[in-house]
Amino acid sequence: MKILYVEDDATAQEYIGRGLRENGYRVDVASDGDAGFELALSDGYDLIILDVMLPGRDGFETVQALRRASIEAPVLFLSARDAVSDRVRGLNLGGDDYLTKPFAFSELLARVQALTRRHQVAPVEGKLRVGDLELDLTRHSASLGGRAVPLTGKETSLLEYLMERSGQVVSRAMIVDRVWGAGFDAYSNVIDVHINRLRKKVDPERKWIHTVKGVGYVFEERAGEG
């Protein structure tokens, strides 16, 4: 998942940006509304976090400009202005949530997860689908460009987890907890073996499943990367 964080306070940029990246999000940062608006136009973001009190164009003016430009990414406002009228104004102008300062990072993360959940791959009739890749959860099979690809139970569980977390970096420990369960060695090469098998079966062009060195893996569409 890609997040645009617009904040003029350097300390907040560092703290919030680092925390989001440690939780698997890719984060771009802008220091004013104009720069944030230009970034939002040039790239597709799954969420925009906007401070209200920004130099130049403030957060309210920025969200108005974003909506006029047909940028539909959810917007989370951050502000020390806690009056009901400010919160209502932000939501009426096109914001999706409003968090007042000071706040705990855990609450910010929960709000981010709630707002980005809509962008995760959702099952439809027991299937997960992204582009030309489809996973059938009941048949333990996938199809790539309409061609059926049989999978083992573990391969199905692994691909399901990666697709559900589309755009987010998942660590080896997270994969182990979901696919193999407690007590399994997160550093076993069994994980790498299953990832390689999945790539050969459903991702021969290295389009979907990518290694994040020292961390784990991410499932997202890229052009021929490992």
# chains A, B, ... in the order shown; residues from 1 in each chain; ligands from 1

$ residues_around --residues "Ser70 (chain A)" --least-positions-apart "3" --cutoff "12 Å" --atoms "only C-alpha atoms" --output "list of chain:residue names"
A:Phe37, A:Ala40, A:Leu41, A:Gly44, A:Val63, A:Gln64, A:Ala65, A:Leu66, A:Arg67, A:Ala73, A:Pro74, A:Gly94

$ write_last_selection --atoms "N, CA and C atoms" --output "PDB file, in the first residue's frame"
ATOM      1  N   PHE A  37      -0.273  18.050  -3.385  1.00  0.00           N
ATOM      2  CA  PHE A  37      -1.222  17.979  -4.502  1.00  0.00           C
ATOM      3  C   PHE A  37      -0.536  17.488  -5.767  1.00  0.00           C
ATOM      4  N   ALA A  40       0.193  13.791  -5.534  1.00  0.00           N
ATOM      5  CA  ALA A  40      -1.032  13.005  -5.670  1.00  0.00           C
ATOM      6  C   ALA A  40      -1.457  12.892  -7.131  1.00  0.00           C
ATOM      7  N   LEU A  41      -1.200  13.932  -7.907  1.00  0.00           N
ATOM      8  CA  LEU A  41      -1.532  13.898  -9.334  1.00  0.00           C
ATOM      9  C   LEU A  41      -0.599  13.000 -10.124  1.00  0.00           C
ATOM     10  N   GLY A  44      -0.308   7.109  -7.998  1.00  0.00           N
ATOM     11  CA  GLY A  44      -1.521   6.581  -7.396  1.00  0.00           C
ATOM     12  C   GLY A  44      -1.284   6.175  -5.948  1.00  0.00           C
ATOM     13  N   VAL A  63      -7.590  19.133   0.043  1.00  0.00           N
ATOM     14  CA  VAL A  63      -8.541  18.055  -0.239  1.00  0.00           C
ATOM     15  C   VAL A  63      -9.588  18.507  -1.251  1.00  0.00           C
ATOM     16  N   GLN A  64      -9.973  19.774  -1.208  1.00  0.00           N
ATOM     17  CA  GLN A  64     -10.901  20.290  -2.218  1.00  0.00           C
ATOM     18  C   GLN A  64     -10.291  20.180  -3.617  1.00  0.00           C
ATOM     19  N   ALA A  65      -9.019  20.559  -3.733  1.00  0.00           N
ATOM     20  CA  ALA A  65      -8.339  20.484  -5.026  1.00  0.00           C
ATOM     21  C   ALA A  65      -8.206  19.036  -5.494  1.00  0.00           C
ATOM     22  N   LEU A  66      -7.928  18.135  -4.556  1.00  0.00           N
ATOM     23  CA  LEU A  66      -7.803  16.715  -4.905  1.00  0.00           C
ATOM     24  C   LEU A  66      -9.113  16.168  -5.444  1.00  0.00           C
ATOM     25  N   ARG A  67     -10.207  16.491  -4.777  1.00  0.00           N
ATOM     26  CA  ARG A  67     -11.497  15.970  -5.227  1.00  0.00           C
ATOM     27  C   ARG A  67     -11.911  16.584  -6.558  1.00  0.00           C
ATOM     28  N   ALA A  73      -8.585   8.775  -3.623  1.00  0.00           N
ATOM     29  CA  ALA A  73      -7.942   8.091  -2.493  1.00  0.00           C
ATOM     30  C   ALA A  73      -8.508   8.616  -1.179  1.00  0.00           C
ATOM     31  N   PRO A  74      -8.742   7.736  -0.200  1.00  0.00           N
ATOM     32  CA  PRO A  74      -9.245   8.214   1.092  1.00  0.00           C
ATOM     33  C   PRO A  74      -8.265   9.189   1.733  1.00  0.00           C
ATOM     34  N   GLY A  94     -14.545  16.483   1.773  1.00  0.00           N
ATOM     35  CA  GLY A  94     -14.068  15.300   1.040  1.00  0.00           C
ATOM     36  C   GLY A  94     -13.145  14.408   1.832  1.00  0.00           C
TER      37      GLY A  94
END

$ residues_around --residues "region 208-215 of chain A" --least-positions-apart "5" --cutoff "12 Å" --atoms "only C-alpha atoms" --output "ChimeraX atom specification"
/A:21-24,130-133,144,158-159,161-163,165-175,186-187,191-192,194-203,220-226

$ write_last_selection --atoms "C-alpha atoms" --output "PDB file, in the first residue's frame"
ATOM      1  CA  ARG A  21       7.185   2.021   6.888  1.00  0.00           C
ATOM      2  CA  GLU A  22       7.940  -0.384   9.747  1.00  0.00           C
ATOM      3  CA  ASN A  23       4.371  -1.612   9.397  1.00  0.00           C
ATOM      4  CA  GLY A  24       4.799  -2.437   5.730  1.00  0.00           C
ATOM      5  CA  VAL A 130      -5.828  -9.461  -9.274  1.00  0.00           C
ATOM      6  CA  GLY A 131      -5.315  -8.650 -12.928  1.00  0.00           C
ATOM      7  CA  ASP A 132      -5.070 -11.911 -14.872  1.00  0.00           C
ATOM      8  CA  LEU A 133      -4.245 -13.955 -11.755  1.00  0.00           C
ATOM      9  CA  LEU A 144      -3.076 -17.236 -14.912  1.00  0.00           C
ATOM     10  CA  LEU A 158       0.674 -18.763   1.028  1.00  0.00           C
ATOM     11  CA  LEU A 159      -0.697 -17.179  -2.144  1.00  0.00           C
ATOM     12  CA  TYR A 161      -2.092 -14.495   2.372  1.00  0.00           C
ATOM     13  CA  LEU A 162       0.087 -12.574  -0.080  1.00  0.00           C
ATOM     14  CA  MET A 163      -2.895 -11.562  -2.197  1.00  0.00           C
ATOM     15  CA  ARG A 165      -2.042  -8.269   1.878  1.00  0.00           C
ATOM     16  CA  SER A 166      -1.560  -6.909  -1.628  1.00  0.00           C
ATOM     17  CA  GLY A 167       0.756  -3.895  -1.549  1.00  0.00           C
ATOM     18  CA  GLN A 168       1.970  -4.518   1.999  1.00  0.00           C
ATOM     19  CA  VAL A 169       5.328  -5.995   2.945  1.00  0.00           C
ATOM     20  CA  VAL A 170       4.878  -9.195   4.959  1.00  0.00           C
ATOM     21  CA  SER A 171       7.758 -10.513   7.055  1.00  0.00           C
ATOM     22  CA  ARG A 172       8.853 -14.131   7.254  1.00  0.00           C
ATOM     23  CA  ALA A 173       7.482 -14.256  10.801  1.00  0.00           C
ATOM     24  CA  MET A 174       4.066 -13.043   9.595  1.00  0.00           C
ATOM     25  CA  ILE A 175       4.026 -15.677   6.846  1.00  0.00           C
ATOM     26  CA  ALA A 186      10.792 -18.484  10.502  1.00  0.00           C
ATOM     27  CA  TYR A 187      14.296 -18.772   9.055  1.00  0.00           C
ATOM     28  CA  ILE A 191       9.469 -20.587   3.050  1.00  0.00           C
ATOM     29  CA  ASP A 192      11.873 -19.773   0.224  1.00  0.00           C
ATOM     30  CA  HIS A 194       7.414 -22.480  -1.408  1.00  0.00           C
ATOM     31  CA  ILE A 195       7.866 -18.920  -2.680  1.00  0.00           C
ATOM     32  CA  ASN A 196      10.011 -20.212  -5.535  1.00  0.00           C
ATOM     33  CA  ARG A 197       7.441 -22.888  -6.377  1.00  0.00           C
ATOM     34  CA  LEU A 198       4.686 -20.281  -6.430  1.00  0.00           C
ATOM     35  CA  ARG A 199       6.719 -18.045  -8.702  1.00  0.00           C
ATOM     36  CA  LYS A 200       7.312 -20.877 -11.148  1.00  0.00           C
ATOM     37  CA  LYS A 201       3.636 -21.783 -11.187  1.00  0.00           C
ATOM     38  CA  VAL A 202       1.805 -18.452 -11.140  1.00  0.00           C
ATOM     39  CA  ASP A 203       4.445 -15.742 -11.511  1.00  0.00           C
ATOM     40  CA  GLU A 220       2.071  -6.108  -6.063  1.00  0.00           C
ATOM     41  CA  GLU A 221       2.223  -5.599  -9.790  1.00  0.00           C
ATOM     42  CA  ARG A 222       5.611  -4.546 -11.078  1.00  0.00           C
ATOM     43  CA  ALA A 223       7.389  -5.025 -14.370  1.00  0.00           C
ATOM     44  CA  GLY A 224       9.759  -7.979 -14.201  1.00  0.00           C
ATOM     45  CA  GLU A 225      11.345  -7.441 -10.777  1.00  0.00           C
ATOM     46  CA  GLY A 226      12.558 -10.150  -8.390  1.00  0.00           C
TER      47      GLY A 226
END

$ closest_residue --among "A:Gly153, A:Gln113, A:Lys2, A:Phe60" --to "Asn92 (chain A)" --atoms "only C-alpha atoms"
A:Phe60

$ atom_distance --atom1 "CA of Val52 (chain A)" --atom2 "CA of Ala10 (chain A)"
15.2 Å

$ select_by_dssp --residues "region 59-225 of chain A" --states "alpha helix (DSSP H)" --output "PyMOL selection string"
chain A and resi 59-68+84-92+105-116+153-164+172-175+190-202

$ select_by_dssp --residues "region 1-224 of chain A" --states "strand (DSSP E or B)" --output "PyMOL selection string"
chain A and resi 2-6+26-30+47-51+75-79+97-100+124+127-130+133-136+141-144+147-150+169-171+209-212+216-219

$ residues_around --residues "Leu151 (chain A)" --least-positions-apart "4" --cutoff "6 Å" --atoms "only C-alpha atoms" --output "list in words"
His140, Ser141, Glu155 and Thr156 of chain A

$ write_last_selection --atoms "C-alpha atoms" --output "short mmCIF file (atom, residue, chain, number, x, y, z; two decimals), in the first residue's frame"
data_model
loop_
_atom_site.label_atom_id
_atom_site.label_comp_id
_atom_site.auth_asym_id
_atom_site.auth_seq_id
_atom_site.Cartn_x
_atom_site.Cartn_y
_atom_site.Cartn_z
CA HIS A 140 -6.80 -25.15 -4.35
CA SER A 141 -5.98 -23.92 -7.81
CA GLU A 155 0.89 -22.98 -1.76
CA THR A 156 -2.78 -21.98 -1.73
#

$ atom_distance --atom1 "CA of Thr62 (chain A)" --atom2 "CA of Gly33 (chain A)"
5.7 Å

$ decode --residues "region 38-65 of chain A" --atoms "N, CA and C atoms" --output "compact mmCIF listing (two decimals), in the first residue's frame"
# COMPACT_ATOMS: atom_id res chain seq x y z
N GLU A 38 0.66 18.01 -6.05
CA GLU A 38 1.38 17.61 -7.26
C GLU A 38 1.77 16.13 -7.19
N LEU A 39 2.21 15.67 -6.02
CA LEU A 39 2.55 14.25 -5.87
C LEU A 39 1.32 13.38 -6.09
N ALA A 40 0.19 13.79 -5.53
CA ALA A 40 -1.03 13.00 -5.67
C ALA A 40 -1.46 12.89 -7.13
N LEU A 41 -1.20 13.93 -7.91
CA LEU A 41 -1.53 13.90 -9.33
C LEU A 41 -0.60 13.00 -10.12
N SER A 42 0.65 12.89 -9.67
CA SER A 42 1.66 12.18 -10.44
C SER A 42 1.74 10.69 -10.12
N ASP A 43 1.14 10.26 -9.02
CA ASP A 43 1.25 8.86 -8.63
C ASP A 43 -0.05 8.42 -7.97
N GLY A 44 -0.31 7.11 -8.00
CA GLY A 44 -1.52 6.58 -7.40
C GLY A 44 -1.28 6.17 -5.95
N TYR A 45 -2.01 6.77 -5.03
CA TYR A 45 -1.86 6.46 -3.61
C TYR A 45 -3.12 5.78 -3.08
N ASP A 46 -2.93 4.88 -2.13
CA ASP A 46 -4.04 4.18 -1.50
C ASP A 46 -4.61 4.97 -0.34
N LEU A 47 -3.85 5.93 0.17
CA LEU A 47 -4.30 6.78 1.27
C LEU A 47 -3.47 8.05 1.28
N ILE A 48 -4.12 9.17 1.62
CA ILE A 48 -3.43 10.44 1.78
C ILE A 48 -3.67 10.93 3.21
N ILE A 49 -2.58 11.16 3.94
CA ILE A 49 -2.68 11.71 5.29
C ILE A 49 -2.32 13.19 5.20
N LEU A 50 -3.25 14.04 5.60
CA LEU A 50 -3.09 15.48 5.43
C LEU A 50 -3.12 16.20 6.76
N ASP A 51 -2.05 16.92 7.07
CA ASP A 51 -2.12 17.85 8.19
C ASP A 51 -3.00 19.02 7.74
N VAL A 52 -3.77 19.58 8.65
CA VAL A 52 -4.66 20.69 8.29
C VAL A 52 -3.89 22.00 8.17
N MET A 53 -3.05 22.30 9.18
CA MET A 53 -2.33 23.57 9.20
C MET A 53 -1.03 23.47 8.41
N LEU A 54 -1.13 23.69 7.11
CA LEU A 54 0.02 23.60 6.22
C LEU A 54 0.35 24.99 5.68
N PRO A 55 1.62 25.24 5.37
CA PRO A 55 1.97 26.52 4.74
C PRO A 55 1.37 26.60 3.33
N GLY A 56 0.99 27.80 2.92
CA GLY A 56 0.38 27.95 1.60
C GLY A 56 -1.02 27.38 1.61
N ARG A 57 -1.29 26.46 0.72
CA ARG A 57 -2.58 25.80 0.65
C ARG A 57 -2.74 24.86 1.84
N ASP A 58 -3.75 25.08 2.69
CA ASP A 58 -3.88 24.24 3.88
C ASP A 58 -4.55 22.91 3.53
N GLY A 59 -4.72 22.06 4.53
CA GLY A 59 -5.25 20.73 4.28
C GLY A 59 -6.66 20.74 3.70
N PHE A 60 -7.50 21.65 4.18
CA PHE A 60 -8.86 21.74 3.67
C PHE A 60 -8.87 22.13 2.20
N GLU A 61 -8.06 23.12 1.86
CA GLU A 61 -7.98 23.56 0.46
C GLU A 61 -7.38 22.47 -0.42
N THR A 62 -6.43 21.72 0.16
CA THR A 62 -5.79 20.65 -0.60
C THR A 62 -6.78 19.54 -0.94
N VAL A 63 -7.59 19.13 0.04
CA VAL A 63 -8.54 18.05 -0.24
C VAL A 63 -9.59 18.51 -1.25
N GLN A 64 -9.97 19.77 -1.21
CA GLN A 64 -10.90 20.29 -2.22
C GLN A 64 -10.29 20.18 -3.62
N ALA A 65 -9.02 20.56 -3.73
CA ALA A 65 -8.34 20.48 -5.03
C ALA A 65 -8.21 19.04 -5.49
